[in-house]
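**Student:** The structure file model.pdb (PDB, C-alpha atoms) is provided below.
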ATOM      1  CA  GLY A   1     -40.580  85.229  24.298
ATOM      2  CA  GLN A   2     -40.413  82.046  22.299
ATOM      3  CA  SER A   3     -39.321  81.621  18.692
ATOM      4  CA  LEU A   4     -38.398  78.755  16.387
ATOM      5  CA  GLU A   5     -36.497  78.704  13.092
ATOM      6  CA  GLN A   6     -36.757  75.986  10.470
ATOM      7  CA  PRO A   7     -36.149  75.931   6.706
ATOM      8  CA  SER A   8     -39.160  76.907   4.638
ATOM      9  CA  GLU A   9     -38.836  74.106   2.111
ATOM     10  CA  VAL A  10     -36.862  70.965   1.383
ATOM     11  CA  THR A  11     -36.890  68.709  -1.677
ATOM     12  CA  ALA A  12     -35.715  65.102  -1.792
ATOM     13  CA  VAL A  13     -36.194  61.996  -3.907
ATOM     14  CA  GLU A  14     -38.066  58.850  -3.057
ATOM     15  CA  GLY A  15     -36.012  56.433  -0.999
ATOM     16  CA  ALA A  16     -33.612  59.104   0.214
ATOM     17  CA  ILE A  17     -33.004  60.465   3.719
ATOM     18  CA  VAL A  18     -33.836  64.036   4.665
ATOM     19  CA  GLN A  19     -33.119  66.054   7.791
ATOM     20  CA  ILE A  20     -35.205  69.049   8.863
ATOM     21  CA  ASN A  21     -33.481  71.287  11.383
ATOM     22  CA  CYS A  22     -35.054  73.441  14.044
ATOM     23  CA  THR A  23     -33.482  75.980  16.383
ATOM     24  CA  TYR A  24     -35.459  77.540  19.172
ATOM     25  CA  GLN A  25     -35.388  80.246  21.794
ATOM     26  CA  THR A  26     -37.454  79.882  24.906
ATOM     27  CA  SER A  27     -37.332  80.109  28.642
ATOM     28  CA  GLY A  28     -38.485  77.273  30.831
ATOM     29  CA  PHE A  29     -38.066  74.580  28.186
ATOM     30  CA  TYR A  30     -40.257  71.480  28.569
ATOM     31  CA  GLY A  31     -39.666  69.681  25.258
ATOM     32  CA  LEU A  32     -39.508  69.787  21.461
ATOM     33  CA  SER A  33     -42.197  68.196  19.316
ATOM     34  CA  TRP A  34     -42.666  67.522  15.627
ATOM     35  CA  TYR A  35     -45.948  67.556  13.705
ATOM     36  CA  GLN A  36     -46.865  66.635  10.157
ATOM     37  CA  GLN A  37     -49.578  68.380   8.172
ATOM     38  CA  HIS A  38     -50.798  67.324   4.761
ATOM     39  CA  ASP A  39     -52.535  69.865   2.535
ATOM     40  CA  GLY A  40     -55.999  70.536   3.856
ATOM     41  CA  GLY A  41     -55.477  68.312   6.863
ATOM     42  CA  ALA A  42     -54.977  68.671  10.588
ATOM     43  CA  PRO A  43     -51.468  68.625  12.068
ATOM     44  CA  THR A  44     -50.656  65.216  13.528
ATOM     45  CA  PHE A  45     -48.112  64.432  16.196
ATOM     46  CA  LEU A  46     -44.913  62.662  15.141
ATOM     47  CA  SER A  47     -42.482  62.766  18.059
ATOM     48  CA  TYR A  48     -41.416  64.465  21.269
ATOM     49  CA  ASN A  49     -38.006  64.981  22.870
ATOM     50  CA  ALA A  50     -37.638  66.208  26.409
ATOM     51  CA  LEU A  51     -34.084  64.980  26.935
ATOM     52  CA  ASP A  52     -30.960  65.130  24.763
ATOM     53  CA  GLY A  53     -30.530  62.386  22.241
ATOM     54  CA  LEU A  54     -32.269  60.518  19.486
ATOM     55  CA  GLU A  55     -35.798  59.118  19.553
ATOM     56  CA  GLU A  56     -36.700  56.640  16.831
ATOM     57  CA  THR A  57     -40.189  55.775  15.634
ATOM     58  CA  GLY A  58     -40.137  53.642  12.521
ATOM     59  CA  ARG A  59     -38.818  55.622   9.569
ATOM     60  CA  PHE A  60     -38.846  58.846  11.574
ATOM     61  CA  SER A  61     -36.287  59.907  14.180
ATOM     62  CA  SER A  62     -36.004  63.096  16.167
ATOM     63  CA  PHE A  63     -32.967  64.520  17.903
ATOM     64  CA  LEU A  64     -32.562  67.145  20.603
ATOM     65  CA  SER A  65     -29.593  69.056  21.972
ATOM     66  CA  ARG A  66     -30.778  71.297  24.788
ATOM     67  CA  SER A  67     -27.379  72.971  25.195
ATOM     68  CA  ASP A  68     -27.518  74.091  21.544
ATOM     69  CA  SER A  69     -31.278  74.789  21.555
ATOM     70  CA  TYR A  70     -31.418  72.642  18.461
ATOM     71  CA  GLY A  71     -33.267  69.652  17.177
ATOM     72  CA  TYR A  72     -33.929  67.845  13.945
ATOM     73  CA  LEU A  73     -36.361  65.437  12.369
ATOM     74  CA  LEU A  74     -34.852  62.689  10.241
ATOM     75  CA  LEU A  75     -37.010  60.945   7.681
ATOM     76  CA  GLN A  76     -35.610  57.782   6.127
ATOM     77  CA  GLU A  77     -36.698  55.747   3.099
ATOM     78  CA  LEU A  78     -38.754  58.662   1.869
ATOM     79  CA  GLN A  79     -42.077  57.886   0.263
ATOM     80  CA  MET A  80     -44.297  60.094  -1.885
ATOM     81  CA  LYS A  81     -46.839  60.209   0.929
ATOM     82  CA  ASP A  82     -44.240  61.978   3.113
ATOM     83  CA  SER A  83     -44.764  65.129   1.037
ATOM     84  CA  ALA A  84     -46.250  67.468   3.617
ATOM     85  CA  SER A  85     -45.420  70.349   5.923
ATOM     86  CA  TYR A  86     -43.433  69.557   9.050
ATOM     87  CA  PHE A  87     -43.568  71.775  12.104
ATOM     88  CA  CYS A  88     -41.325  71.827  15.116
ATOM     89  CA  ALA A  89     -42.957  73.044  18.305
ATOM     90  CA  VAL A  90     -41.613  73.913  21.711
ATOM     91  CA  ARG A  91     -43.464  73.781  24.979
ATOM     92  CA  GLY A  92     -41.967  76.341  27.275
ATOM     93  CA  GLY A  93     -42.063  79.901  28.433
ATOM     94  CA  VAL A  94     -44.348  81.170  31.131
ATOM     95  CA  GLY A  95     -47.226  78.729  31.495
ATOM     96  CA  GLY A  96     -45.755  76.116  29.169
ATOM     97  CA  LYS A  97     -47.634  77.074  26.028
ATOM     98  CA  LEU A  98     -47.006  75.122  22.823
ATOM     99  CA  ILE A  99     -45.492  77.366  20.147
ATOM    100  CA  PHE A 100     -44.907  76.277  16.552
ATOM    101  CA  GLY A 101     -42.310  77.134  13.957
ATOM    102  CA  GLN A 102     -43.327  78.375  10.529
ATOM    103  CA  GLY A 103     -43.139  74.909   9.012
ATOM    104  CA  THR A 104     -40.983  73.178   6.420
ATOM    105  CA  GLU A 105     -42.645  72.074   3.219
ATOM    106  CA  LEU A 106     -41.156  68.749   2.140
ATOM    107  CA  SER A 107     -41.537  67.724  -1.488
ATOM    108  CA  VAL A 108     -40.656  64.133  -2.330
ATOM    109  CA  LYS A 109     -39.932  63.566  -6.027
ATOM    110  CA  PRO A 110     -40.010  60.215  -7.844
TER     111      PRO A 110
ATOM    112  CA  LYS B   1     -62.734  57.435  20.786
ATOM    113  CA  ALA B   2     -63.967  60.529  18.949
ATOM    114  CA  GLY B   3     -61.338  63.038  17.864
ATOM    115  CA  VAL B   4     -61.347  66.796  18.203
ATOM    116  CA  THR B   5     -64.406  68.291  16.551
ATOM    117  CA  GLN B   6     -64.492  71.821  15.233
ATOM    118  CA  THR B   7     -67.586  73.523  13.899
ATOM    119  CA  PRO B   8     -68.322  74.928  11.479
ATOM    120  CA  ARG B   9     -65.785  73.707   8.926
ATOM    121  CA  TYR B  10     -66.220  76.717   6.648
ATOM    122  CA  LEU B  11     -67.463  80.248   7.205
ATOM    123  CA  ILE B  12     -67.777  83.331   5.058
ATOM    124  CA  LYS B  13     -68.279  86.625   6.880
ATOM    125  CA  THR B  14     -68.301  90.282   5.985
ATOM    126  CA  ARG B  15     -65.888  92.846   7.386
ATOM    127  CA  GLY B  16     -67.161  94.267  10.646
ATOM    128  CA  GLN B  17     -69.170  91.208  11.602
ATOM    129  CA  GLN B  18     -68.331  88.931  14.467
ATOM    130  CA  VAL B  19     -67.921  85.159  14.485
ATOM    131  CA  THR B  20     -67.898  82.324  17.024
ATOM    132  CA  LEU B  21     -66.039  79.085  16.437
ATOM    133  CA  SER B  22     -66.523  75.941  18.484
ATOM    134  CA  CYS B  23     -64.189  73.151  19.559
ATOM    135  CA  SER B  24     -65.084  69.911  21.315
ATOM    136  CA  PRO B  25     -61.933  68.227  22.652
ATOM    137  CA  ILE B  26     -61.320  64.526  23.028
ATOM    138  CA  SER B  27     -63.233  63.105  25.962
ATOM    139  CA  GLY B  28     -61.118  63.410  29.102
ATOM    140  CA  HIS B  29     -58.892  66.147  27.712
ATOM    141  CA  ARG B  30     -58.966  69.308  29.773
ATOM    142  CA  SER B  31     -56.575  71.575  27.891
ATOM    143  CA  VAL B  32     -57.634  73.351  24.712
ATOM    144  CA  SER B  33     -55.416  75.642  22.636
ATOM    145  CA  TRP B  34     -56.337  77.717  19.606
ATOM    146  CA  TYR B  35     -54.105  78.597  16.658
ATOM    147  CA  GLN B  36     -54.444  80.745  13.566
ATOM    148  CA  GLN B  37     -52.825  79.381  10.422
ATOM    149  CA  THR B  38     -52.163  81.496   7.349
ATOM    150  CA  PRO B  39     -49.908  80.701   4.375
ATOM    151  CA  GLY B  40     -46.278  81.348   5.250
ATOM    152  CA  GLN B  41     -47.040  82.193   8.882
ATOM    153  CA  GLY B  42     -47.194  78.759  10.400
ATOM    154  CA  LEU B  43     -49.424  78.237  13.405
ATOM    155  CA  GLN B  44     -49.780  81.377  15.480
ATOM    156  CA  PHE B  45     -50.761  80.759  19.092
ATOM    157  CA  LEU B  46     -53.974  82.482  20.125
ATOM    158  CA  PHE B  47     -54.755  81.206  23.632
ATOM    159  CA  GLU B  48     -54.911  78.171  25.882
ATOM    160  CA  TYR B  49     -57.659  77.170  28.262
ATOM    161  CA  PHE B  50     -57.524  74.705  31.105
ATOM    162  CA  SER B  51     -60.261  74.034  33.636
ATOM    163  CA  GLU B  52     -62.346  76.925  32.294
ATOM    164  CA  THR B  53     -59.521  79.430  32.785
ATOM    165  CA  GLN B  54     -57.386  81.146  30.193
ATOM    166  CA  ARG B  55     -53.833  80.131  31.066
ATOM    167  CA  ASN B  56     -51.897  81.644  28.173
ATOM    168  CA  LYS B  57     -52.539  84.261  25.534
ATOM    169  CA  GLY B  58     -50.720  85.029  22.279
ATOM    170  CA  ASN B  59     -50.034  88.377  20.660
ATOM    171  CA  PHE B  60     -53.420  89.009  19.125
ATOM    172  CA  PRO B  61     -55.655  92.069  19.565
ATOM    173  CA  GLY B  62     -58.472  92.112  22.053
ATOM    174  CA  ARG B  63     -60.950  91.404  19.223
ATOM    175  CA  PHE B  64     -59.954  87.775  19.692
ATOM    176  CA  SER B  65     -61.417  86.156  22.766
ATOM    177  CA  GLY B  66     -62.399  82.745  23.983
ATOM    178  CA  ARG B  67     -63.813  80.710  26.770
ATOM    179  CA  GLN B  68     -64.012  77.159  28.008
ATOM    180  CA  PHE B  69     -67.007  75.445  29.518
ATOM    181  CA  SER B  70     -67.204  72.947  32.370
ATOM    182  CA  ASN B  71     -67.319  70.044  29.883
ATOM    183  CA  SER B  72     -64.007  71.341  28.383
ATOM    184  CA  ARG B  73     -65.667  72.457  25.146
ATOM    185  CA  SER B  74     -64.247  75.764  24.005
ATOM    186  CA  GLU B  75     -65.341  78.644  21.850
ATOM    187  CA  MET B  76     -63.396  81.484  20.338
ATOM    188  CA  ASN B  77     -64.890  84.733  19.186
ATOM    189  CA  VAL B  78     -63.580  87.327  16.788
ATOM    190  CA  SER B  79     -65.351  90.678  16.759
ATOM    191  CA  THR B  80     -65.212  93.435  14.146
ATOM    192  CA  LEU B  81     -63.764  91.127  11.524
ATOM    193  CA  GLU B  82     -61.015  92.371   9.233
ATOM    194  CA  LEU B  83     -59.885  90.980   5.883
ATOM    195  CA  GLY B  84     -56.624  89.872   7.531
ATOM    196  CA  ASP B  85     -58.542  87.569   9.858
ATOM    197  CA  SER B  86     -59.135  85.193   6.952
ATOM    198  CA  ALA B  87     -57.351  82.019   8.008
ATOM    199  CA  LEU B  88     -57.658  78.439   9.149
ATOM    200  CA  TYR B  89     -58.389  78.350  12.871
ATOM    201  CA  LEU B  90     -57.195  75.187  14.552
ATOM    202  CA  CYS B  91     -58.057  73.830  17.944
ATOM    203  CA  ALA B  92     -55.805  71.383  19.772
ATOM    204  CA  SER B  93     -56.682  69.335  22.824
ATOM    205  CA  SER B  94     -54.385  67.705  25.366
ATOM    206  CA  VAL B  95     -54.926  65.618  28.453
ATOM    207  CA  ASP B  96     -53.405  68.359  30.547
ATOM    208  CA  ARG B  97     -51.184  71.406  30.217
ATOM    209  CA  GLU B  98     -47.920  69.462  30.270
ATOM    210  CA  ALA B  99     -48.967  66.723  27.851
ATOM    211  CA  THR B 100     -46.359  65.776  25.288
ATOM    212  CA  GLU B 101     -48.913  65.334  22.510
ATOM    213  CA  ALA B 102     -51.604  67.654  21.220
ATOM    214  CA  PHE B 103     -54.458  66.441  19.026
ATOM    215  CA  PHE B 104     -55.787  68.799  16.399
ATOM    216  CA  GLY B 105     -59.198  69.219  14.870
ATOM    217  CA  GLN B 106     -59.704  69.706  11.147
ATOM    218  CA  GLY B 107     -60.052  73.437  11.669
ATOM    219  CA  THR B 108     -62.511  76.122  10.660
ATOM    220  CA  ARG B 109     -61.724  77.923   7.427
ATOM    221  CA  LEU B 110     -62.820  81.542   7.889
ATOM    222  CA  THR B 111     -63.034  83.850   4.895
ATOM    223  CA  VAL B 112     -63.713  87.543   5.477
ATOM    224  CA  VAL B 113     -64.951  89.473   2.456
TER     225      VAL B 113
END
Could the structure of this file be written out as structure tokens, please?
**Tutor:**
Amino acid sequence: GQSLEQPSEVTAVEGAIVQINCTYQTSGFYGLSWYQQHDGGAPTFLSYNALDGLEETGRFSSFLSRSDSYGYLLLQELQMKDSASYFCAVRGGVGGKLIFGQGTELSVKP
Amino acid sequence: KAGVTQTPRYLIKTRGQQVTLSCSPISGHRSVSWYQQTPGQGLQFLFEYFSETQRNKGNFPGRFSGRQFSNSRSEMNVSTLELGDSALYLCASSVDREATEAFFGQGTRLTVV
């Protein structure tokens, strides 16, 4: 089957850099995605990696190593509004379904 | 372009009842997936529909079912509700089954009492 592991919570201060790691197990890997969800809101797409390496989108970057079944989301210049839950998700397995990790709750302190 | 619309937003049901939730995907999107979200459990995959056919199913009992119509709108049904079914049910739409990005609705908050 498919499974993903990520830390349950991370705390950082405003202006800092934080990295959220994700390891996964799946067959037939298509790609690794990251989603952000604020309290009471819908998850929103942040980034997608299908190939090894770093993808940068503004203050957010995402990295993938397929040989290690590992990825991370890097958030720079943290702002209070970045306080949210972050989910890694893998598309893979039979039929290419999108499976999510349990989420990492990021708290940004002043 | 309208986003993903889920109705109703909130529901309160009694144990043993059944419930139907609706999801209208973004126009042109043909893939719809459903997830159950409970505190500490992340998003648990329920099923995926594409072109009116169920393509994938998660590890949920047969009380959970769904369907997709020709206009890509989807419904999910839960019969014989249990207290543990209380959760936020999220629908996600994608252009197709291999799309890199999924768009989520605001969800339906189901409370079973």
**Student:** Using all atoms listed in the file, give me every residue within 10 Å of (-64.2, 93.1, 15.4) in file coordinates, as a list in words.
**Tutor:** Arg15, Gly16, Gln17, Gln18, Val19, Pro61, Gly62, Arg63, Phe64, Asn77, Val78, Ser79, Thr80, Leu81, Glu82 and Asp85 of chain B
**Student:** Applying the ChimeraX specification (/A :<8) & /B to the file I just gave you, which residues come out? Please list them as a PyMOL selection string.
**Tutor:** chain B and resi 40-45+48+55-56+90+97-98+100-107
**Student:** Find the residue from A:Leu74, A:Val108, A:Met80, A:Val90 that sits nearest to A:Thr26; use all atoms listed in the file when measuring.
**Tutor:**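 Of A:Leu74, A:Val108, A:Met80, A:Val90, the one nearest A:Thr26, counting all atoms listed in the file, is A:Val90.
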**Student:** Please, what distance in Å, to one decimal, runs between atom CA of B:Pro25 and atom CA of A:Arg59?
**Tutor:**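 Here the two named atoms are 29.4 Å from each other.
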**Student:** The PyMOL selection byres ((chain A and resi 9) around 7) - which residues does that actually catch in the file I just gave you? List them as a VMD selection string.
**Tutor:** chain A and resid 7 to 8 10 to 11 104 to 106
**Student:** Just how far from atom CA of B:Val112 is atom CA of B:Cys23, in Å to one decimal?
**Tutor:**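 For atom CA of B:Cys23 relative to atom CA of B:Val112, the distance reads 20.1 Å.
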**Student:** How big is the axis-aligned box around the listed atoms of stretch 15-28 of chain B once 8 Å is added on each side, and where is its centre? Give both in Å to one decimal, as lines of an AutoDock Vina configuration file.
**Tutor:**
center_x = -65.1
center_y = 78.7
center_z = 18.2
size_x = 24.1
size_y = 47.2
size_z = 37.7
**Student:** Under the PyMOL selection byres ((chain A and resi 77) around 6), which residues of this model are included? Write them out as a PyMOL selection string.
**Tutor:** chain A and resi 15-16+76+78
**Student:** Measure the distance from atom CA of A:Leu64 to atom CA of B:Lys57 in Å and round it to one decimal.
**Tutor:** 26.8 Å
**Student:** Of the candidates B:His29, B:Ala2, B:Phe47, B:Ile12, which shows the shortest atom-to-atom distance to B:Leu83, using only C-alpha atoms?
**Tutor:**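 Using only C-alpha atoms, B:Leu83 sits closest to B:Ile12.
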**Student:** Would you kindly place N, CA and C atoms on stretch 3-37 of chain A and return the model as a PDB file, in the coordinates of the input?
**Tutor:**
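In the end it all went to out10.pdb:
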ATOM      1  N   SER A   3     -39.386  81.597  20.147  1.00  0.00           N
ATOM      2  CA  SER A   3     -39.321  81.621  18.692  1.00  0.00           C
ATOM      3  C   SER A   3     -38.641  80.363  18.197  1.00  0.00           C
ATOM      4  N   LEU A   4     -38.982  79.941  17.004  1.00  0.00           N
ATOM      5  CA  LEU A   4     -38.398  78.755  16.387  1.00  0.00           C
ATOM      6  C   LEU A   4     -38.050  79.082  14.941  1.00  0.00           C
ATOM      7  N   GLU A   5     -36.935  78.509  14.468  1.00  0.00           N
ATOM      8  CA  GLU A   5     -36.497  78.704  13.092  1.00  0.00           C
ATOM      9  C   GLU A   5     -36.343  77.342  12.427  1.00  0.00           C
ATOM     10  N   GLN A   6     -36.922  77.193  11.254  1.00  0.00           N
ATOM     11  CA  GLN A   6     -36.757  75.986  10.470  1.00  0.00           C
ATOM     12  C   GLN A   6     -36.779  76.385   9.001  1.00  0.00           C
ATOM     13  N   PRO A   7     -36.167  75.562   8.125  1.00  0.00           N
ATOM     14  CA  PRO A   7     -36.149  75.931   6.706  1.00  0.00           C
ATOM     15  C   PRO A   7     -37.562  75.937   6.148  1.00  0.00           C
ATOM     16  N   SER A   8     -37.801  76.788   5.168  1.00  0.00           N
ATOM     17  CA  SER A   8     -39.160  76.907   4.638  1.00  0.00           C
ATOM     18  C   SER A   8     -39.522  75.756   3.701  1.00  0.00           C
ATOM     19  N   GLU A   9     -38.533  75.227   2.988  1.00  0.00           N
ATOM     20  CA  GLU A   9     -38.836  74.106   2.111  1.00  0.00           C
ATOM     21  C   GLU A   9     -37.617  73.232   1.883  1.00  0.00           C
ATOM     22  N   VAL A  10     -37.890  71.955   1.653  1.00  0.00           N
ATOM     23  CA  VAL A  10     -36.862  70.965   1.383  1.00  0.00           C
ATOM     24  C   VAL A  10     -37.390  70.042   0.298  1.00  0.00           C
ATOM     25  N   THR A  11     -36.511  69.642  -0.623  1.00  0.00           N
ATOM     26  CA  THR A  11     -36.890  68.709  -1.677  1.00  0.00           C
ATOM     27  C   THR A  11     -35.965  67.513  -1.634  1.00  0.00           C
ATOM     28  N   ALA A  12     -36.515  66.318  -1.801  1.00  0.00           N
ATOM     29  CA  ALA A  12     -35.715  65.102  -1.792  1.00  0.00           C
ATOM     30  C   ALA A  12     -36.376  64.084  -2.712  1.00  0.00           C
ATOM     31  N   VAL A  13     -35.640  63.029  -3.035  1.00  0.00           N
ATOM     32  CA  VAL A  13     -36.194  61.996  -3.907  1.00  0.00           C
ATOM     33  C   VAL A  13     -36.648  60.796  -3.098  1.00  0.00           C
ATOM     34  N   GLU A  14     -37.541  60.065  -3.684  1.00  0.00           N
ATOM     35  CA  GLU A  14     -38.066  58.850  -3.057  1.00  0.00           C
ATOM     36  C   GLU A  14     -36.933  57.909  -2.664  1.00  0.00           C
ATOM     37  N   GLY A  15     -37.027  57.366  -1.463  1.00  0.00           N
ATOM     38  CA  GLY A  15     -36.012  56.433  -0.999  1.00  0.00           C
ATOM     39  C   GLY A  15     -34.845  57.083  -0.290  1.00  0.00           C
ATOM     40  N   ALA A  16     -34.732  58.390  -0.396  1.00  0.00           N
ATOM     41  CA  ALA A  16     -33.612  59.104   0.214  1.00  0.00           C
ATOM     42  C   ALA A  16     -33.876  59.376   1.697  1.00  0.00           C
ATOM     43  N   ILE A  17     -32.903  60.035   2.326  1.00  0.00           N
ATOM     44  CA  ILE A  17     -33.004  60.465   3.719  1.00  0.00           C
ATOM     45  C   ILE A  17     -32.992  61.992   3.733  1.00  0.00           C
ATOM     46  N   VAL A  18     -33.824  62.584   4.555  1.00  0.00           N
ATOM     47  CA  VAL A  18     -33.836  64.036   4.665  1.00  0.00           C
ATOM     48  C   VAL A  18     -33.854  64.440   6.138  1.00  0.00           C
ATOM     49  N   GLN A  19     -33.170  65.542   6.434  1.00  0.00           N
ATOM     50  CA  GLN A  19     -33.119  66.054   7.791  1.00  0.00           C
ATOM     51  C   GLN A  19     -33.689  67.468   7.815  1.00  0.00           C
ATOM     52  N   ILE A  20     -34.615  67.715   8.715  1.00  0.00           N
ATOM     53  CA  ILE A  20     -35.205  69.049   8.863  1.00  0.00           C
ATOM     54  C   ILE A  20     -34.758  69.593  10.211  1.00  0.00           C
ATOM     55  N   ASN A  21     -34.034  70.705  10.172  1.00  0.00           N
ATOM     56  CA  ASN A  21     -33.481  71.287  11.383  1.00  0.00           C
ATOM     57  C   ASN A  21     -34.409  72.305  12.015  1.00  0.00           C
ATOM     58  N   CYS A  22     -34.246  72.480  13.312  1.00  0.00           N
ATOM     59  CA  CYS A  22     -35.054  73.441  14.044  1.00  0.00           C
ATOM     60  C   CYS A  22     -34.219  74.020  15.182  1.00  0.00           C
ATOM     61  N   THR A  23     -34.108  75.328  15.237  1.00  0.00           N
ATOM     62  CA  THR A  23     -33.482  75.980  16.383  1.00  0.00           C
ATOM     63  C   THR A  23     -34.546  76.788  17.104  1.00  0.00           C
ATOM     64  N   TYR A  24     -34.404  76.881  18.399  1.00  0.00           N
ATOM     65  CA  TYR A  24     -35.459  77.540  19.172  1.00  0.00           C
ATOM     66  C   TYR A  24     -34.881  78.438  20.248  1.00  0.00           C
ATOM     67  N   GLN A  25     -35.708  79.379  20.655  1.00  0.00           N
ATOM     68  CA  GLN A  25     -35.388  80.246  21.794  1.00  0.00           C
ATOM     69  C   GLN A  25     -36.592  80.236  22.711  1.00  0.00           C
ATOM     70  N   THR A  26     -36.369  79.887  23.944  1.00  0.00           N
ATOM     71  CA  THR A  26     -37.454  79.882  24.906  1.00  0.00           C
ATOM     72  C   THR A  26     -36.890  79.869  26.312  1.00  0.00           C
ATOM     73  N   SER A  27     -37.694  80.269  27.243  1.00  0.00           N
ATOM     74  CA  SER A  27     -37.332  80.109  28.642  1.00  0.00           C
ATOM     75  C   SER A  27     -38.177  78.970  29.200  1.00  0.00           C
ATOM     76  N   GLY A  28     -37.690  78.331  30.229  1.00  0.00           N
ATOM     77  CA  GLY A  28     -38.485  77.273  30.831  1.00  0.00           C
ATOM     78  C   GLY A  28     -38.840  76.158  29.870  1.00  0.00           C
ATOM     79  N   PHE A  29     -37.873  75.615  29.212  1.00  0.00           N
ATOM     80  CA  PHE A  29     -38.066  74.580  28.186  1.00  0.00           C
ATOM     81  C   PHE A  29     -38.628  73.290  28.784  1.00  0.00           C
ATOM     82  N   TYR A  30     -39.691  72.766  28.150  1.00  0.00           N
ATOM     83  CA  TYR A  30     -40.257  71.480  28.569  1.00  0.00           C
ATOM     84  C   TYR A  30     -39.868  70.387  27.577  1.00  0.00           C
ATOM     85  N   GLY A  31     -39.960  70.698  26.261  1.00  0.00           N
ATOM     86  CA  GLY A  31     -39.666  69.681  25.258  1.00  0.00           C
ATOM     87  C   GLY A  31     -39.902  70.186  23.849  1.00  0.00           C
ATOM     88  N   LEU A  32     -39.371  69.448  22.882  1.00  0.00           N
ATOM     89  CA  LEU A  32     -39.508  69.787  21.461  1.00  0.00           C
ATOM     90  C   LEU A  32     -40.324  68.707  20.772  1.00  0.00           C
ATOM     91  N   SER A  33     -41.325  69.134  20.019  1.00  0.00           N
ATOM     92  CA  SER A  33     -42.197  68.196  19.316  1.00  0.00           C
ATOM     93  C   SER A  33     -42.117  68.423  17.818  1.00  0.00           C
ATOM     94  N   TRP A  34     -42.559  67.425  17.083  1.00  0.00           N
ATOM     95  CA  TRP A  34     -42.666  67.522  15.627  1.00  0.00           C
ATOM     96  C   TRP A  34     -44.060  67.085  15.201  1.00  0.00           C
ATOM     97  N   TYR A  35     -44.628  67.838  14.233  1.00  0.00           N
ATOM     98  CA  TYR A  35     -45.948  67.556  13.705  1.00  0.00           C
ATOM     99  C   TYR A  35     -45.885  67.545  12.184  1.00  0.00           C
ATOM    100  N   GLN A  36     -46.752  66.732  11.605  1.00  0.00           N
ATOM    101  CA  GLN A  36     -46.865  66.635  10.157  1.00  0.00           C
ATOM    102  C   GLN A  36     -48.247  67.141   9.753  1.00  0.00           C
ATOM    103  N   GLN A  37     -48.293  67.903   8.672  1.00  0.00           N
ATOM    104  CA  GLN A  37     -49.578  68.380   8.172  1.00  0.00           C
ATOM    105  C   GLN A  37     -49.615  68.237   6.656  1.00  0.00           C
TER     106      GLN A  37
END
